[in-house]
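Printed here is upload-v3.cif (mmCIF, C-alpha atoms):
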data_work
loop_
_atom_site.label_atom_id
_atom_site.label_comp_id
_atom_site.auth_asym_id
_atom_site.auth_seq_id
_atom_site.Cartn_x
_atom_site.Cartn_y
_atom_site.Cartn_z
CA MET F 10 119.54 68.69 -77.27
CA GLU F 11 118.15 66.27 -74.70
CA LEU F 12 116.50 63.29 -76.30
CA VAL F 13 113.91 60.93 -74.93
CA GLU F 14 114.15 57.40 -76.18
CA LYS F 15 111.02 55.28 -76.10
CA ALA F 16 110.36 51.82 -77.46
CA GLY F 17 106.88 51.66 -78.92
CA PRO F 18 104.36 54.49 -78.90
CA MET F 19 102.43 55.58 -75.83
CA VAL F 20 99.87 57.05 -78.20
CA ASP F 21 97.53 54.35 -79.49
CA ASP F 22 94.63 54.42 -81.98
CA GLU F 23 92.22 55.60 -79.27
CA ALA F 24 94.48 58.50 -78.27
CA LEU F 25 94.85 59.44 -81.95
CA MET F 26 91.06 59.57 -82.31
CA GLN F 27 90.78 61.70 -79.15
CA ALA F 28 93.26 64.15 -80.64
CA LEU F 29 91.59 64.24 -84.07
CA ASN F 30 88.16 64.66 -82.47
CA SER F 31 89.18 67.43 -80.08
CA THR F 32 87.44 70.05 -82.26
CA PRO F 33 83.77 68.99 -82.27
CA VAL F 34 80.88 71.12 -83.50
CA ALA F 35 78.36 72.03 -80.80
CA ASP F 36 75.35 74.25 -81.47
CA GLY F 37 76.65 74.89 -84.97
CA ARG F 38 80.03 76.20 -83.76
CA ARG F 39 83.38 74.49 -83.83
CA GLN F 40 84.77 74.00 -80.33
CA ASP F 41 88.42 73.39 -79.45
CA LEU F 42 88.68 71.12 -76.44
CA TRP F 43 92.44 71.56 -76.47
CA ARG F 44 92.19 75.33 -76.18
CA ASP F 45 91.97 74.89 -72.42
CA ASP F 46 95.55 74.41 -71.19
CA GLN F 47 94.43 72.37 -68.17
CA GLU F 48 92.43 69.95 -70.33
CA MET F 49 95.36 69.64 -72.69
CA GLU F 50 97.82 69.11 -69.83
CA ARG F 51 95.54 66.36 -68.41
CA TRP F 52 95.45 64.61 -71.83
CA ALA F 53 99.23 64.90 -72.22
CA ARG F 54 99.96 63.52 -68.76
CA GLU F 55 97.52 60.62 -69.31
CA HIS F 56 99.67 59.68 -72.29
CA GLY F 57 103.02 59.99 -70.56
CA GLY F 58 103.70 63.60 -71.51
CA LEU F 59 104.97 66.60 -69.62
CA GLY F 60 101.96 68.86 -70.11
CA ASP F 61 104.14 71.95 -70.41
CA GLU F 62 103.54 74.90 -72.73
CA GLU F 63 105.98 73.80 -75.44
CA GLU F 64 104.54 70.27 -75.54
CA ARG F 65 100.99 71.68 -75.78
CA ARG F 66 102.08 73.87 -78.71
CA TRP F 67 103.56 70.86 -80.55
CA LEU F 68 100.47 68.75 -79.83
CA ARG F 69 98.10 71.40 -81.20
CA ALA F 70 100.27 71.74 -84.32
CA ALA F 71 100.29 67.96 -84.82
CA ARG F 72 96.53 67.71 -84.29
CA ASP F 73 95.82 70.49 -86.78
CA ALA F 74 98.15 69.01 -89.41
CA LEU F 75 96.69 65.51 -88.95
CA GLN F 76 93.12 66.83 -89.25
CA GLU F 77 94.07 68.52 -92.52
CA ALA F 78 95.89 65.45 -93.85
CA THR F 79 93.02 63.13 -92.89
CA SER F 80 90.59 65.48 -94.64
CA GLY F 81 92.69 65.32 -97.81
CA ALA F 82 94.27 68.77 -97.53
CA PRO F 83 98.02 69.12 -98.11
CA ALA F 84 99.83 68.98 -94.77
CA GLU F 85 103.22 67.51 -95.66
CA SER F 86 105.25 70.58 -94.73
CA ARG F 87 103.51 70.87 -91.35
CA LEU F 88 104.01 67.17 -90.64
CA GLN F 89 107.66 67.42 -91.73
CA GLN F 90 108.18 70.26 -89.28
CA ILE F 91 107.03 68.01 -86.44
CA LEU F 92 109.24 65.13 -87.58
CA THR F 93 112.40 67.13 -88.34
CA GLY F 94 115.39 65.80 -86.41
CA VAL F 95 113.54 62.72 -85.14
CA ARG F 96 115.41 59.44 -85.44
CA LYS F 97 113.99 55.94 -85.41
CA ILE F 98 116.70 53.46 -84.50
CA PRO F 99 116.46 49.66 -84.66
CA GLN F 100 117.76 47.64 -81.72
CA ILE F 101 117.86 43.89 -81.48
CA GLY F 102 116.11 42.57 -78.42
CA THR F 103 114.86 39.23 -77.14
CA ALA F 104 111.62 39.59 -79.14
CA GLY F 105 113.41 40.57 -82.37
CA ILE F 106 113.94 44.06 -83.69
CA GLU F 107 112.56 46.91 -81.62
CA TRP F 108 112.36 50.44 -82.93
CA HIS F 109 113.35 53.26 -80.61
CA VAL F 110 112.44 56.85 -81.36
CA GLU F 111 114.83 59.63 -80.38
CA VAL F 112 113.00 62.91 -80.01
CA PRO F 113 113.12 66.01 -77.78
CA PRO F 114 110.84 65.40 -74.76
CA GLN F 115 108.49 68.31 -75.53
CA ARG F 116 107.87 66.92 -79.02
CA ARG F 117 107.54 63.22 -78.16
CA LEU F 118 103.73 63.07 -77.95
CA ALA F 119 103.29 65.12 -81.13
CA VAL F 120 105.70 62.80 -82.95
CA GLU F 121 103.90 59.75 -81.58
CA LEU F 122 100.57 61.15 -82.83
CA VAL F 123 102.05 61.48 -86.33
CA LEU F 124 103.64 58.01 -86.19
CA THR F 125 100.40 56.44 -84.93
CA TRP F 126 98.46 58.21 -87.70
CA ALA F 127 100.92 56.84 -90.29
CA ASP F 128 100.66 53.36 -88.74
CA VAL F 129 96.84 53.44 -88.89
CA ALA F 130 96.98 54.60 -92.52
CA GLU F 131 99.27 51.68 -93.35
CA ARG F 132 97.43 49.00 -91.33
CA MET F 133 93.92 50.16 -92.26
CA PRO F 134 94.11 52.10 -95.53
CA GLY F 135 91.11 54.31 -96.17
CA ARG F 136 89.49 53.57 -92.81
CA LEU F 137 90.49 56.80 -91.06
CA ARG F 138 88.35 59.55 -92.53
CA PRO F 139 86.16 62.56 -91.76
CA CYS F 140 82.51 62.08 -90.87
CA GLU F 141 80.31 62.50 -93.97
CA ASN F 142 78.07 64.98 -92.17
CA PRO F 143 79.24 68.33 -93.60
CA GLU F 144 78.20 70.06 -90.36
CA CYS F 145 80.35 67.75 -88.25
CA HIS F 146 84.06 68.16 -87.69
CA LEU F 147 84.81 64.72 -86.28
CA PHE F 148 86.68 61.75 -87.71
CA LEU F 149 86.02 58.05 -87.62
CA LEU F 150 88.14 54.94 -87.75
CA ASP F 151 86.01 52.40 -89.59
CA ARG F 152 86.55 48.97 -88.06
CA SER F 153 83.57 47.40 -89.84
CA ARG F 154 84.19 44.39 -92.03
CA ALA F 155 82.66 46.08 -95.08
CA ASN F 156 84.47 49.40 -94.53
CA SER F 157 81.14 51.14 -95.00
CA ALA F 158 80.84 53.45 -91.98
CA ARG F 159 79.98 56.97 -93.06
CA TRP F 160 79.41 58.89 -89.85
CA CYS F 161 81.26 59.44 -86.60
CA SER F 162 78.09 58.30 -84.85
CA MET F 163 75.01 56.68 -86.32
CA LYS F 164 73.00 57.94 -83.35
CA THR F 165 73.80 61.60 -84.02
CA CYS F 166 75.14 62.35 -87.48
CA GLY F 167 73.73 59.29 -89.25
CA ASN F 168 70.18 59.66 -87.96
CA ARG F 169 70.21 63.41 -88.46
CA LEU F 170 71.25 63.15 -92.12
CA LYS F 171 68.88 60.27 -92.85
CA ALA F 172 65.99 62.27 -91.34
CA ARG F 173 66.88 65.31 -93.47
CA ARG F 174 67.02 63.21 -96.63
CA HIS F 175 63.66 61.65 -95.79
CA GLN F 176 62.11 65.09 -95.21
CA ALA F 177 63.53 66.37 -98.52
CA ARG F 178 62.13 63.34 -100.40
CA THR F 179 58.75 63.80 -98.71
CA ARG F 180 58.65 67.45 -99.77
CA GLU F 181 59.65 66.58 -103.34
CA ASN F 182 57.21 63.68 -103.67
CA PRO F 183 54.20 64.36 -101.44
CA ARG F 184 51.77 61.50 -101.14
CA PRO F 185 48.26 62.17 -102.50
#
Show me the file's structure as structure tokens.
Amino acid sequence: MELVEKAGPMVDDEALMQALNSTPVADGRRQDLWRDDQEMERWAREHGGLGDEEERRWLRAARDALQEATSGAPAESRLQQILTGVRKIPQIGTAGIEWHVEVPPQRRLAVELVLTWADVAERMPGRLRPCENPECHLFLLDRSRANSARWCSMKTCGNRLKARRHQARTRENPRP
């Protein structure tokens, strides 16, 4: 088995959010932006990947498992499948200890997505979560000081839900 060894992830928080949010809802229907192999290949290559069929399959599996896990659904067995056989090896360098990940090349980006997700969960507990709009299928990474963000976008989901609540209150309590 050929292994690729990389120091540090090529998948950062922004790339993780792109992956998690690759299944938006448009016109009431869930879309899959990664269904298009060319779009997926472009994303993979932008992040140092191969863009081949096997890599795309691993990336879709990682994305789906991470969406489930972030939504609170059990996804341990699916995540374990992605991480099986992966080794993280410490090496002493000039800047201290560096961790190198040994992984088959077609699985590297999927593994990095999972590792970045775990890193975000550790660095910012509770800040990666689904949008509170039940009609939305996006996720947010709350970077606010108060950790109070509720929607993927205040402009779309936030305003939409606030307007609906206001209309419901107005119907319940009409002014004389």
Identify the residues around (77.5, 60.6, -93.9) within a radius of 6 Å, measuring from only C-alpha atoms in the coordinates stated by the file, and give them as a compact mmCIF listing (two decimals) with C-alpha atoms, in the frame of the given file.
# COMPACT_ATOMS: atom_id res chain seq x y z
CA GLU F 141 80.31 62.50 -93.97
CA ASN F 142 78.07 64.98 -92.17
CA ARG F 159 79.98 56.97 -93.06
CA TRP F 160 79.41 58.89 -89.85
Write out, as a Markdown table, each residue of region 70-101 of chain F that has an atom at most 12 Å from region 124-131 of chain F, together with the closest pair of atoms and their distance in Å to one decimal, counting only C-alpha atoms, rows going by chain and rising number.
| residue | atom | partner | partner_atom | distance |
| --- | --- | --- | --- | --- |
| F:Ala71 | CA | F:Trp126 | CA | 10.3 |
| F:Arg72 | CA | F:Trp126 | CA | 10.3 |
| F:Ala74 | CA | F:Trp126 | CA | 10.9 |
| F:Leu75 | CA | F:Trp126 | CA | 7.6 |
| F:Gln76 | CA | F:Trp126 | CA | 10.3 |
| F:Ala78 | CA | F:Trp126 | CA | 9.8 |
| F:Thr79 | CA | F:Trp126 | CA | 9.0 |
| F:Leu88 | CA | F:Leu124 | CA | 10.2 |
| F:Gln89 | CA | F:Leu124 | CA | 11.6 |
| F:Ile91 | CA | F:Leu124 | CA | 10.6 |
| F:Leu92 | CA | F:Leu124 | CA | 9.2 |
| F:Val95 | CA | F:Leu124 | CA | 11.0 |
| F:Arg96 | CA | F:Leu124 | CA | 11.9 |
| F:Lys97 | CA | F:Leu124 | CA | 10.6 |
In Å, with one decimal, what is the gap from CA of Arg117 (chain F) to CA of Trp43 (chain F)?
17.3 Å
Shortest contact to Arg69 (chain F), candidates F:Arg51, F:Gly81, F:Val110, F:Asp41, atoms counted only C-alpha atoms, goes to F:Asp41
Kindly compute an axis-aligned box around the listed atoms of region 75-89 of chain F, allowing 3 Å on each side, and express its centre and edge lengths in Å to one decimal as AutoDock Vina command-line options.
--center_x 99.1 --center_y 67.0 --center_z -93.5 --size_x 23.1 --size_y 13.7 --size_z 15.2
As an exercise, work out the distance from CA of Cys166 (chain F) to CA of Ala53 (chain F) in Å and give it to one decimal place.
28.6 Å
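Picture a line from CA of Ser80 (chain F) to CA of Gly58 (chain F); it runs 26.7 Å.
Closest to Cys161 (chain F) among F:Glu111, F:Asn30, F:Leu42, F:Leu25 is F:Asn30, based on all atoms listed in the file.
What the PyMOL selection byres ((chain F and resi 137) around 10) grabs from this file is Met26, Thr79, Ser80, Trp126, Val129, Ala130, Met133, Pro134, Gly135, Arg136, Arg138, Pro139, Cys140, Phe148, Leu149, Leu150, Asp151 and Arg152 of chain F.
Across F:Ile98, F:Gln40, F:Ala70, F:Glu23, the tightest approach to Ser86 (chain F) is made by F:Ala70 when counting only C-alpha atoms.
Between Val20 (chain F) and the candidates F:Val112, F:Ala82, F:Leu122, F:Leu59, the tightest atom-to-atom separation, counting only C-alpha atoms, involves F:Leu122.
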Could you check which of F:Ala155, F:Cys145, F:Val123, F:Ile101 is closest to Asp22 (chain F), using all atoms listed in the file?
F:Val123
